[in-house]
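**Q** Coordinates in upload.cif, mmCIF, C-alpha atoms and all ligand atoms, are listed below.
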data_query
loop_
_atom_site.label_atom_id
_atom_site.label_comp_id
_atom_site.auth_asym_id
_atom_site.auth_seq_id
_atom_site.Cartn_x
_atom_site.Cartn_y
_atom_site.Cartn_z
CA MET A 268 105.72 -28.90 116.07
CA ALA A 269 108.44 -26.31 116.58
CA ASN A 270 111.71 -26.81 114.74
CA ILE A 271 113.75 -29.49 116.51
CA ASP A 272 116.66 -27.09 117.03
CA THR A 273 114.33 -24.75 118.89
CA ILE A 274 113.02 -27.61 121.05
CA CYS A 275 116.61 -28.49 122.02
CA VAL A 276 117.15 -24.98 123.26
CA GLN A 277 113.75 -23.97 124.61
CA GLY A 278 111.59 -27.09 125.03
CA GLY A 279 110.27 -28.41 128.32
CA TYR A 280 110.66 -25.35 130.49
CA HIS A 281 108.73 -22.13 129.93
CA PRO A 282 109.33 -19.64 132.71
CA GLY A 283 106.62 -17.14 133.58
CA ASP A 284 107.07 -13.49 134.36
CA ALA A 285 110.05 -12.84 136.65
CA GLU A 286 110.88 -16.54 136.93
CA PRO A 287 114.41 -17.97 136.52
CA ARG A 288 115.50 -18.31 132.88
CA GLN A 289 117.47 -21.47 133.61
CA ILE A 290 115.64 -24.56 134.89
CA PRO A 291 115.81 -24.40 138.70
CA ILE A 292 117.31 -27.44 140.39
CA TYR A 293 114.68 -28.57 142.86
CA GLN A 294 117.15 -30.03 145.33
CA SER A 295 114.39 -31.15 147.67
CA THR A 296 113.23 -34.63 148.55
CA THR A 297 109.83 -33.49 149.70
CA TRP A 298 107.04 -30.90 149.38
CA LYS A 299 104.96 -29.46 152.19
CA TYR A 300 101.17 -29.05 152.16
CA GLU A 301 98.69 -27.01 154.22
CA THR A 302 96.25 -29.93 154.52
CA SER A 303 96.37 -33.71 154.48
CA GLU A 304 93.36 -33.67 152.15
CA HIS A 305 95.36 -31.82 149.50
CA MET A 306 98.20 -34.33 149.76
CA GLY A 307 95.65 -37.16 149.67
CA ARG A 308 94.32 -35.95 146.31
CA LEU A 309 97.89 -36.08 144.94
CA PHE A 310 98.40 -39.61 146.26
CA ASP A 311 95.13 -40.68 144.63
CA LEU A 312 96.39 -39.20 141.33
CA GLN A 313 93.24 -37.04 141.24
CA GLU A 314 95.38 -33.94 141.02
CA SER A 315 98.89 -33.54 139.69
CA GLY A 316 101.58 -32.10 141.92
CA TYR A 317 104.71 -33.00 143.80
CA PHE A 318 105.15 -34.67 147.13
CA TYR A 319 108.30 -36.82 147.04
CA THR A 320 111.18 -36.78 144.54
CA ARG A 321 111.30 -40.57 144.18
CA LEU A 322 108.02 -40.21 142.27
CA GLN A 323 108.35 -36.85 140.58
CA ASN A 324 110.49 -33.73 140.66
CA PRO A 325 109.89 -30.51 138.66
CA THR A 326 113.48 -30.33 137.32
CA ASN A 327 113.27 -33.89 136.04
CA ASP A 328 109.78 -33.35 134.63
CA ALA A 329 110.86 -30.31 132.61
CA VAL A 330 113.79 -32.21 131.09
CA ALA A 331 111.63 -35.30 130.42
CA ALA A 332 109.07 -33.05 128.70
CA LYS A 333 111.82 -31.67 126.44
CA ILE A 334 112.96 -35.19 125.46
CA ALA A 335 109.33 -36.25 124.85
CA GLU A 336 108.87 -33.22 122.60
CA LEU A 337 112.10 -33.96 120.73
CA GLU A 338 110.93 -37.52 120.05
CA GLY A 339 107.39 -36.43 119.13
CA GLY A 340 105.85 -38.37 122.04
CA THR A 341 103.08 -37.50 124.46
CA ALA A 342 104.82 -38.21 127.78
CA GLY A 343 108.29 -38.92 129.08
CA MET A 344 110.20 -39.78 132.22
CA LEU A 345 113.82 -39.73 133.30
CA THR A 346 115.53 -42.71 134.91
CA SER A 347 118.82 -43.12 136.75
CA SER A 348 120.51 -44.78 133.74
CA GLY A 349 119.89 -46.20 130.30
CA GLN A 350 119.79 -49.66 131.87
CA ALA A 351 116.92 -48.56 134.12
CA ALA A 352 115.11 -47.03 131.13
CA ASN A 353 115.16 -50.27 129.14
CA PHE A 354 114.25 -52.34 132.18
CA PHE A 355 111.28 -50.08 133.02
CA ALA A 356 110.10 -49.88 129.39
CA ILE A 357 109.74 -53.65 129.27
CA PHE A 358 108.82 -54.47 132.86
CA ASN A 359 105.97 -51.93 132.66
CA ILE A 360 104.13 -54.25 130.27
CA ALA A 361 105.70 -57.70 130.80
CA GLY A 362 106.13 -59.90 133.86
CA CYS A 363 106.78 -63.47 134.89
CA GLY A 364 105.44 -65.83 132.20
CA ASP A 365 105.61 -63.25 129.41
CA HIS A 366 107.82 -63.15 126.35
CA ILE A 367 109.67 -60.46 124.37
CA VAL A 368 111.11 -60.49 120.85
CA SER A 369 114.41 -58.60 120.70
CA SER A 370 116.98 -57.86 118.04
CA THR A 371 120.26 -59.69 118.69
CA SER A 372 122.10 -56.54 117.72
CA ILE A 373 121.89 -54.58 120.98
CA TYR A 374 124.23 -53.14 123.61
CA GLY A 375 125.94 -55.91 125.65
CA GLY A 376 124.59 -54.55 128.94
CA THR A 377 121.05 -54.65 127.59
CA PHE A 378 121.60 -58.18 126.29
CA ASN A 379 122.73 -59.27 129.74
CA LEU A 380 119.78 -57.50 131.37
CA PHE A 381 117.39 -59.37 129.08
CA ALA A 382 119.07 -62.77 128.71
CA VAL A 383 120.23 -63.19 132.31
CA THR A 384 118.57 -60.88 134.83
CA MET A 385 115.09 -60.50 133.35
CA LYS A 386 115.11 -64.18 132.40
CA ARG A 387 115.61 -64.90 136.11
CA MET A 388 112.49 -62.81 136.71
CA GLY A 389 110.55 -65.22 134.49
CA ILE A 390 110.51 -63.15 131.29
CA ASP A 391 111.51 -65.12 128.23
CA PHE A 392 113.33 -63.51 125.28
CA THR A 393 113.69 -64.64 121.68
CA PHE A 394 116.54 -62.89 119.89
CA VAL A 395 116.31 -62.31 116.15
CA ASP A 396 118.91 -61.05 113.71
CA PRO A 397 117.89 -57.54 112.53
CA ASN A 398 118.39 -58.90 109.00
CA CYS A 399 116.17 -61.93 109.52
CA THR A 400 113.57 -62.83 106.92
CA ASP A 401 109.91 -61.94 107.46
CA GLU A 402 109.27 -65.65 108.14
CA GLU A 403 111.98 -65.78 110.82
CA LEU A 404 110.60 -62.64 112.46
CA GLU A 405 107.08 -64.05 112.37
CA ALA A 406 108.27 -67.33 113.90
CA ALA A 407 109.76 -65.49 116.91
CA PHE A 408 106.33 -64.43 118.23
CA LYS A 409 104.46 -66.47 120.84
CA PRO A 410 100.95 -66.09 122.25
CA ASN A 411 102.50 -64.51 125.39
CA THR A 412 104.69 -61.99 123.51
CA LYS A 413 104.26 -58.51 124.97
CA ALA A 414 106.70 -56.32 123.01
CA VAL A 415 109.40 -56.13 120.35
CA PHE A 416 112.72 -54.41 121.11
CA GLY A 417 115.60 -53.07 119.01
CA GLU A 418 118.23 -50.31 118.76
CA THR A 419 118.04 -47.77 115.93
CA ILE A 420 121.85 -47.93 115.54
CA ALA A 421 123.17 -50.80 117.62
CA ASN A 422 126.09 -50.39 120.00
CA PRO A 423 128.69 -51.62 119.05
CA ALA A 424 127.63 -53.56 115.93
CA LEU A 425 126.41 -50.35 114.18
CA THR A 426 123.57 -52.24 112.47
CA VAL A 427 120.58 -50.06 111.53
CA LEU A 428 117.11 -51.31 112.47
CA ASP A 429 114.40 -51.37 109.82
CA ILE A 430 111.98 -49.70 112.22
CA GLU A 431 108.94 -49.79 109.92
CA ARG A 432 109.30 -53.52 109.32
CA PHE A 433 109.70 -54.33 113.01
CA ALA A 434 106.80 -52.01 113.94
CA LYS A 435 104.54 -53.67 111.39
CA ALA A 436 105.38 -57.13 112.73
CA ALA A 437 104.82 -56.01 116.34
CA HIS A 438 101.48 -54.38 115.53
CA ALA A 439 100.28 -57.42 113.59
CA HIS A 440 100.66 -59.31 116.89
CA GLY A 441 98.99 -56.57 118.96
CA VAL A 442 102.15 -55.52 120.81
CA PRO A 443 104.26 -52.33 120.83
CA LEU A 444 107.72 -51.75 119.35
CA ILE A 445 110.25 -50.35 121.83
CA VAL A 446 113.27 -48.67 120.24
CA ASP A 447 116.47 -47.62 122.01
CA ASN A 448 117.37 -44.45 120.12
CA THR A 449 120.55 -43.62 122.04
CA PHE A 450 123.01 -43.39 119.14
CA PRO A 451 121.20 -41.30 116.52
CA THR A 452 119.23 -39.24 119.10
CA PRO A 453 116.01 -37.55 117.89
CA ILE A 454 118.17 -35.12 115.91
CA ASN A 455 118.97 -37.84 113.37
CA CYS A 456 116.02 -40.22 113.75
CA ARG A 457 112.60 -40.06 115.41
CA PRO A 458 111.48 -43.70 115.61
CA ILE A 459 107.89 -42.75 116.51
CA GLU A 460 107.49 -41.24 113.02
CA TRP A 461 108.32 -44.71 111.63
CA GLY A 462 105.85 -46.60 113.82
CA ALA A 463 107.74 -47.18 117.11
CA ASP A 464 105.52 -46.93 120.18
CA ILE A 465 108.01 -46.43 123.01
CA VAL A 466 111.47 -44.86 122.72
CA THR A 467 114.27 -45.25 125.26
CA HIS A 468 117.61 -43.54 125.76
CA SER A 469 120.84 -43.79 127.63
CA THR A 470 121.07 -40.02 128.14
CA THR A 471 124.60 -40.72 129.39
CA LYS A 472 125.68 -40.64 125.73
CA TYR A 473 125.07 -37.86 123.17
CA MET A 474 122.18 -36.23 125.04
CA ASP A 475 124.40 -35.34 127.99
CA GLY A 476 127.35 -35.38 125.61
CA HIS A 477 129.96 -34.24 128.10
CA GLY A 478 130.53 -37.40 130.11
CA ALA A 479 129.07 -35.68 133.16
CA ALA A 480 125.99 -37.63 134.29
CA VAL A 481 124.68 -41.19 133.89
CA GLY A 482 120.98 -41.14 133.02
CA GLY A 483 118.14 -42.59 130.99
CA ALA A 484 114.81 -41.59 129.51
CA ILE A 485 111.60 -43.23 128.26
CA VAL A 486 109.17 -41.57 125.84
CA ASP A 487 105.71 -42.86 125.00
CA SER A 488 104.23 -42.08 121.59
CA GLY A 489 100.71 -42.24 123.06
CA LYS A 490 99.71 -44.12 119.90
CA PHE A 491 99.58 -47.72 121.04
CA ASP A 492 95.99 -48.75 121.79
CA TRP A 493 96.38 -50.76 125.01
CA ASP A 494 92.58 -51.03 125.32
CA ALA A 495 92.32 -52.71 121.91
CA HIS A 496 94.60 -55.47 123.31
CA ALA A 497 93.34 -55.31 126.88
CA ASP A 498 93.81 -59.05 127.48
CA LYS A 499 97.57 -58.68 126.87
CA PHE A 500 98.04 -55.58 129.01
CA PRO A 501 95.85 -55.92 132.12
CA GLY A 502 98.31 -53.77 134.10
CA LEU A 503 97.28 -50.76 132.03
CA THR A 504 93.63 -51.58 131.39
CA THR A 505 92.33 -52.95 134.71
CA PRO A 506 92.36 -51.42 138.22
CA ASP A 507 95.77 -51.26 139.95
CA ASP A 508 95.17 -52.55 143.47
CA SER A 509 98.57 -51.27 144.53
CA TYR A 510 97.60 -47.72 143.58
CA HIS A 511 94.10 -46.98 144.89
CA GLY A 512 92.41 -49.00 142.14
CA VAL A 513 93.35 -46.60 139.35
CA THR A 514 92.91 -47.87 135.76
CA TYR A 515 95.68 -46.11 133.89
CA THR A 516 94.17 -46.04 130.39
CA LYS A 517 90.83 -44.83 131.76
CA GLN A 518 92.21 -42.07 133.95
CA PHE A 519 95.14 -40.89 131.82
CA GLY A 520 94.15 -41.85 128.27
CA LEU A 521 96.43 -43.53 125.76
CA GLU A 522 98.70 -40.49 125.82
CA GLY A 523 99.47 -40.72 129.54
CA ALA A 524 98.80 -44.29 130.70
CA PHE A 525 102.19 -45.89 130.06
CA ILE A 526 104.37 -43.23 131.69
CA THR A 527 101.98 -42.70 134.61
CA LYS A 528 102.01 -46.43 135.37
CA ALA A 529 105.82 -46.58 135.07
CA THR A 530 106.08 -43.65 137.49
CA ALA A 531 103.40 -44.72 139.96
CA GLN A 532 104.43 -48.38 140.15
CA LEU A 533 108.00 -48.86 138.98
CA MET A 534 109.59 -45.64 140.19
CA ARG A 535 107.69 -46.01 143.46
CA ASP A 536 108.99 -49.56 143.97
CA PHE A 537 112.45 -49.54 142.34
CA GLY A 538 113.34 -45.90 142.95
CA SER A 539 115.67 -45.58 139.96
CA ILE A 540 115.35 -41.81 139.71
CA GLN A 541 117.72 -39.44 138.02
CA SER A 542 118.97 -36.87 140.52
CA PRO A 543 117.65 -33.34 139.80
CA GLN A 544 121.27 -32.17 139.65
CA ASN A 545 121.97 -34.67 136.87
CA ALA A 546 118.75 -33.70 135.08
CA PHE A 547 120.00 -30.10 135.10
CA LEU A 548 123.31 -31.19 133.55
CA LEU A 549 121.45 -33.30 131.01
CA ASN A 550 119.42 -30.27 129.99
CA MET A 551 122.60 -28.27 129.46
CA GLY A 552 123.69 -31.01 127.06
CA LEU A 553 120.33 -31.06 125.28
CA GLU A 554 120.55 -27.33 124.59
CA SER A 555 123.41 -27.95 122.14
CA LEU A 556 122.49 -31.48 120.98
CA HIS A 557 121.51 -30.36 117.45
CA VAL A 558 124.77 -28.45 116.97
CA ARG A 559 126.92 -31.27 118.36
CA MET A 560 125.24 -34.10 116.40
CA ALA A 561 126.02 -32.37 113.09
CA GLN A 562 129.73 -32.22 114.01
CA HIS A 563 129.74 -35.85 115.29
CA VAL A 564 128.31 -36.96 111.92
CA LYS A 565 130.74 -34.78 109.95
CA ASN A 566 133.68 -36.27 111.85
CA GLY A 567 132.32 -39.83 111.72
CA GLN A 568 131.80 -39.66 107.96
CA ALA A 569 135.21 -38.10 107.29
CA MET A 570 136.92 -40.63 109.56
CA ALA A 571 135.14 -43.59 107.93
CA GLU A 572 136.17 -42.37 104.47
CA PHE A 573 139.77 -41.84 105.62
CA LEU A 574 139.97 -45.29 107.21
CA GLN A 575 138.42 -46.99 104.20
CA ASN A 576 141.30 -45.81 102.04
CA HIS A 577 144.06 -46.60 104.53
CA PRO A 578 146.34 -49.56 103.69
CA LYS A 579 146.60 -50.67 107.35
CA VAL A 580 142.82 -50.87 107.77
CA THR A 581 141.19 -54.11 106.67
CA TRP A 582 137.53 -53.20 107.09
CA VAL A 583 135.33 -50.27 108.20
CA ARG A 584 131.73 -50.23 109.49
CA TYR A 585 129.84 -46.94 109.20
CA SER A 586 126.36 -46.69 107.71
CA GLY A 587 127.29 -43.51 105.83
CA LEU A 588 129.70 -45.45 103.58
CA PRO A 589 128.10 -46.66 100.31
CA THR A 590 129.90 -50.00 100.83
CA ASP A 591 128.31 -50.52 104.27
CA PRO A 592 125.63 -53.24 104.41
CA TYR A 593 123.30 -50.77 106.16
CA TYR A 594 123.84 -47.87 103.74
CA GLU A 595 120.41 -48.22 102.06
CA VAL A 596 118.47 -48.65 105.35
CA ALA A 597 120.39 -45.70 106.78
CA LYS A 598 119.46 -43.52 103.78
CA LYS A 599 115.83 -44.05 104.74
CA TYR A 600 116.01 -43.66 108.52
CA LEU A 601 119.11 -41.47 108.91
CA PRO A 602 119.09 -39.10 105.92
CA ASN A 603 121.27 -36.58 107.77
CA GLY A 604 123.71 -39.21 109.05
CA GLY A 605 123.62 -41.45 112.09
CA CYS A 606 126.26 -40.72 114.71
CA GLY A 607 130.00 -40.37 115.24
CA VAL A 608 130.81 -43.99 116.07
CA VAL A 609 132.92 -45.90 113.53
CA SER A 610 134.34 -49.39 113.95
CA PHE A 611 137.22 -50.82 111.95
CA GLY A 612 139.80 -53.59 111.80
CA VAL A 613 143.55 -53.00 112.02
CA GLU A 614 145.73 -55.14 109.78
CA GLY A 615 147.78 -57.47 111.98
CA GLY A 616 144.99 -58.32 114.43
CA ARG A 617 145.17 -57.98 118.20
CA PRO A 618 148.85 -56.90 118.57
CA ALA A 619 148.56 -54.31 115.80
CA ALA A 620 145.36 -52.90 117.31
CA GLU A 621 147.10 -52.67 120.70
CA LYS A 622 149.97 -50.71 119.10
CA PHE A 623 147.44 -48.42 117.39
CA MET A 624 145.75 -47.68 120.72
CA ALA A 625 149.12 -46.96 122.36
CA GLY A 626 149.96 -44.47 119.61
CA LEU A 627 146.85 -42.29 120.00
CA LYS A 628 147.58 -38.85 121.39
CA MET A 629 144.30 -36.89 121.26
CA ALA A 630 141.70 -39.65 121.15
CA GLN A 631 141.25 -40.99 124.68
CA ILE A 632 141.08 -44.64 125.65
CA ALA A 633 137.71 -45.03 127.39
CA THR A 634 134.82 -47.50 127.57
CA HIS A 635 132.54 -44.51 127.04
CA VAL A 636 131.08 -43.61 123.65
CA ALA A 637 129.09 -40.72 122.20
CA ASP A 638 130.98 -37.96 123.99
CA ALA A 639 132.12 -34.51 122.88
CA ARG A 640 135.73 -35.77 123.25
CA THR A 641 136.85 -38.50 120.89
CA CYS A 642 137.20 -41.82 122.67
CA CYS A 643 138.50 -45.12 121.47
CA LEU A 644 138.18 -48.71 122.64
CA HIS A 645 139.92 -51.94 121.64
CA PRO A 646 137.61 -54.53 123.24
CA ALA A 647 140.09 -57.43 122.80
CA SER A 648 142.66 -55.73 125.05
CA SER A 649 140.25 -54.07 127.51
CA THR A 650 136.56 -54.91 128.07
CA HIS A 651 136.87 -58.40 126.50
CA ARG A 652 140.52 -59.12 127.42
CA GLN A 653 139.76 -62.42 129.15
CA MET A 654 138.53 -63.91 125.85
CA THR A 655 140.61 -65.84 123.33
CA ASP A 656 140.51 -64.81 119.67
CA GLU A 657 138.12 -67.73 119.00
CA GLU A 658 135.80 -66.69 121.83
CA LEU A 659 135.85 -63.10 120.61
CA LEU A 660 134.85 -64.13 117.10
CA ALA A 661 132.00 -66.22 118.50
CA ALA A 662 130.79 -63.13 120.41
CA GLY A 663 130.84 -61.07 117.21
CA VAL A 664 133.84 -58.96 118.30
CA SER A 665 136.90 -59.61 116.15
CA PRO A 666 140.35 -59.32 117.81
CA ASP A 667 141.32 -56.51 115.42
CA LEU A 668 138.16 -54.43 116.11
CA VAL A 669 138.62 -50.84 117.23
CA ARG A 670 135.58 -48.73 118.14
CA LEU A 671 136.24 -45.07 117.55
CA SER A 672 133.67 -42.59 118.85
CA CYS A 673 134.39 -39.38 116.97
CA GLY A 674 133.86 -36.32 119.13
CA ILE A 675 133.33 -32.75 118.05
CA GLU A 676 136.95 -31.68 117.75
CA GLY A 677 138.31 -30.32 114.47
CA THR A 678 138.10 -32.96 111.73
CA GLU A 679 141.68 -32.47 110.55
CA ASP A 680 143.13 -32.86 114.06
CA LEU A 681 141.15 -36.02 114.62
CA ILE A 682 142.23 -37.63 111.36
CA ALA A 683 145.84 -36.55 111.94
CA ASP A 684 145.85 -38.30 115.33
CA VAL A 685 144.45 -41.55 113.91
CA ALA A 686 146.83 -41.32 110.90
CA GLN A 687 149.94 -40.99 113.09
CA ALA A 688 148.78 -43.85 115.35
CA LEU A 689 148.29 -46.09 112.30
CA ASP A 690 151.70 -45.06 110.93
CA ALA A 691 153.31 -46.00 114.26
CA ILE A 692 152.15 -49.63 114.10
C1 LIG A 701 122.42 -48.22 123.16
C2 LIG A 701 122.58 -48.23 124.65
N1 LIG A 701 121.51 -48.44 125.45
C3 LIG A 701 121.62 -48.47 126.79
C4 LIG A 701 122.85 -48.31 127.41
C5 LIG A 701 122.94 -48.35 128.90
O1 LIG A 701 122.99 -47.03 129.35
P1 LIG A 701 123.63 -46.57 130.75
O2 LIG A 701 125.09 -46.82 130.67
O3 LIG A 701 123.25 -45.12 130.81
O4 LIG A 701 122.96 -47.37 131.82
C6 LIG A 701 123.99 -48.07 126.63
C7 LIG A 701 125.31 -47.89 127.27
O5 LIG A 701 126.34 -47.84 126.64
C8 LIG A 701 123.85 -48.05 125.22
O6 LIG A 701 124.92 -47.82 124.42
#
How does the structure come out when it is put into structure tokens?
**A**
Amino acid sequence: MANIDTICVQGGYHPGDAEPRQIPIYQSTTWKYETSEHMGRLFDLQESGYFYTRLQNPTNDAVAAKIAELEGGTAGMLTSSGQAANFFAIFNIAGCGDHIVSSTSIYGGTFNLFAVTMKRMGIDFTFVDPNCTDEELEAAFKPNTKAVFGETIANPALTVLDIERFAKAAHAHGVPLIVDNTFPTPINCRPIEWGADIVTHSTTKYMDGHGAAVGGAIVDSGKFDWDAHADKFPGLTTPDDSYHGVTYTKQFGLEGAFITKATAQLMRDFGSIQSPQNAFLLNMGLESLHVRMAQHVKNGQAMAEFLQNHPKVTWVRYSGLPTDPYYEVAKKYLPNGGCGVVSFGVEGGRPAAEKFMAGLKMAQIATHVADARTCCLHPASSTHRQMTDEELLAAGVSPDLVRLSCGIEGTEDLIADVAQALDAI
């Protein structure tokens, strides 16, 4: 494998002689063919090629190939958003009557997708604390369990998943581990190397990095043996009547079956594609991902250390702090640091946190995270403002909680801004 920095810059797209150096944006819905027979072979998946952008587009494929290479997978696909990526990753192998084990510590939008929308589709979820005992994890599995899901670094709880432990439990039950690796990105953690089978991303975050394009990605490790558990995954191991009777594992091998099925069935039917224009922007972000992640971590670590010693700060969560409950797990999975997101409590609760937010000059108030520009959110006065302090605590979001997503600005400027906002309380 090439150095990961080189993959960021050069992966996925390899122009031939006299071809454009930058990935061309194939701004075309459709492709023309000389004969219907040729197009027929494409539709039958006997030959690879392009015919309609809802299924595949060369710009998207090049960027997906880069992300797959970064994660050390065998195949990848882009989706319209991170939400679509997580939905596809699960719906590709689970349907009505099936069951999924998921960490409780996941992004709120994903939790809603699972606990409300996918539940309405007949898929049952059991949520487990990422710190649960082996017995509790074991007890979450059912005969109809089809996958285990977790986030490497959870948004916004900043818990760190013990990937090896969750992978081992999933594999003991003959099902894959799906890991949302949005926050660390493959620069800081490659879950496949620790046993994860499928990796998902909200590319909207660090991968794009510039707040320019909403997007998602799915990468398959190619390692999960669907055929060895054929009874659990008939969609991959038996003929697909909706697609000319193709059996995905037979025709595309373990390395290609999952992504080909997700493309041929789910993208065909749900159409949640990333626009080629957005894929182009995403690739521009990926070209500097390795450089940016180092600065996000530098700023996150410095900010966490500054906050920890500040008299107006009651608590700080950042896995790079030796006092953090996830410090030891992070040392294993995130040896070069995790990300730039730090959460902390302001002394004086909700009103003090509101004053802190009002005092910020450089850090921007935004629901967004994982952006080149520092952004800050006080859930109790914005996204969760309808909740009482008691309701907030029950939801795991304390009224004093501030989520600070450190960007890539100069460390001193960033700390100076937060320091003056704390002083102004
Ligand atoms: C960890 C994680 N996964 C998935 C998503 C959803 O991604 P998107 O907003 O691109 O749909 C988010 C969004 O914040 C996230 O933080």
**Q** Around ligand LIG 701 (chain A), which protein and nucleic acid residues have at least one atom no more than 9 Å from it, if we count all atoms listed in the file? List them as a PyMOL selection string.
**A** chain A and resi 347-353+373-377+418-423+447-450+467-472+480-483+634-637
**Q** So, with all atoms listed in the file as the atoms that count, which of A:Gly364, A:Gly616, A:Gly663, A:Gly604 lies closest to His563 (chain A)?
**A**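 So, comparing all the options, the nearest one is A:Gly604.
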**Q** Please, which residues are within 10 Å of (142.4, -42.7, 107.7) by the file's coordinates, counting all atoms listed in the file, and could they come as an mmCIF file with C-alpha atoms, in the frame of the given file?
**A**
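Once everything was written out, this is out.cif:
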data_model
loop_
_atom_site.group_PDB
_atom_site.id
_atom_site.type_symbol
_atom_site.label_atom_id
_atom_site.label_comp_id
_atom_site.auth_asym_id
_atom_site.auth_seq_id
_atom_site.Cartn_x
_atom_site.Cartn_y
_atom_site.Cartn_z
ATOM 1 C CA ALA A 569 135.210 -38.100 107.290
ATOM 2 C CA MET A 570 136.920 -40.630 109.560
ATOM 3 C CA ALA A 571 135.140 -43.590 107.930
ATOM 4 C CA GLU A 572 136.170 -42.370 104.470
ATOM 5 C CA PHE A 573 139.770 -41.840 105.620
ATOM 6 C CA LEU A 574 139.970 -45.290 107.210
ATOM 7 C CA GLN A 575 138.420 -46.990 104.200
ATOM 8 C CA ASN A 576 141.300 -45.810 102.040
ATOM 9 C CA HIS A 577 144.060 -46.600 104.530
ATOM 10 C CA PRO A 578 146.340 -49.560 103.690
ATOM 11 C CA LYS A 579 146.600 -50.670 107.350
ATOM 12 C CA VAL A 580 142.820 -50.870 107.770
ATOM 13 C CA LEU A 681 141.150 -36.020 114.620
ATOM 14 C CA ILE A 682 142.230 -37.630 111.360
ATOM 15 C CA ALA A 683 145.840 -36.550 111.940
ATOM 16 C CA ASP A 684 145.850 -38.300 115.330
ATOM 17 C CA VAL A 685 144.450 -41.550 113.910
ATOM 18 C CA ALA A 686 146.830 -41.320 110.900
ATOM 19 C CA GLN A 687 149.940 -40.990 113.090
ATOM 20 C CA LEU A 689 148.290 -46.090 112.300
#
**Q** Could you pull the residues within 12 Å of His511 (chain A), counting all atoms listed in the file, minus those fewer than 3 positions along the same chain, as a list in words?
**A**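 Neighbouring residues, sequence-local ones excluded: Gly307, Arg308, Leu309, Phe310, Asp311, Leu312, Gln313, Thr505, Pro506, Asp507, Asp508, Thr514, Tyr515, Ala531 and Gln532 of chain A.
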**Q** Taking 5 positions as the minimum chain separation for residues in the same chain, which residues sit within 12 Å of Gly502 (chain A) when counting only C-alpha atoms? Answer as a ChimeraX atom specification.
**A** /A:358-362,413,493-494,496-497,507-510,512-517,524-525,527-529,531-533
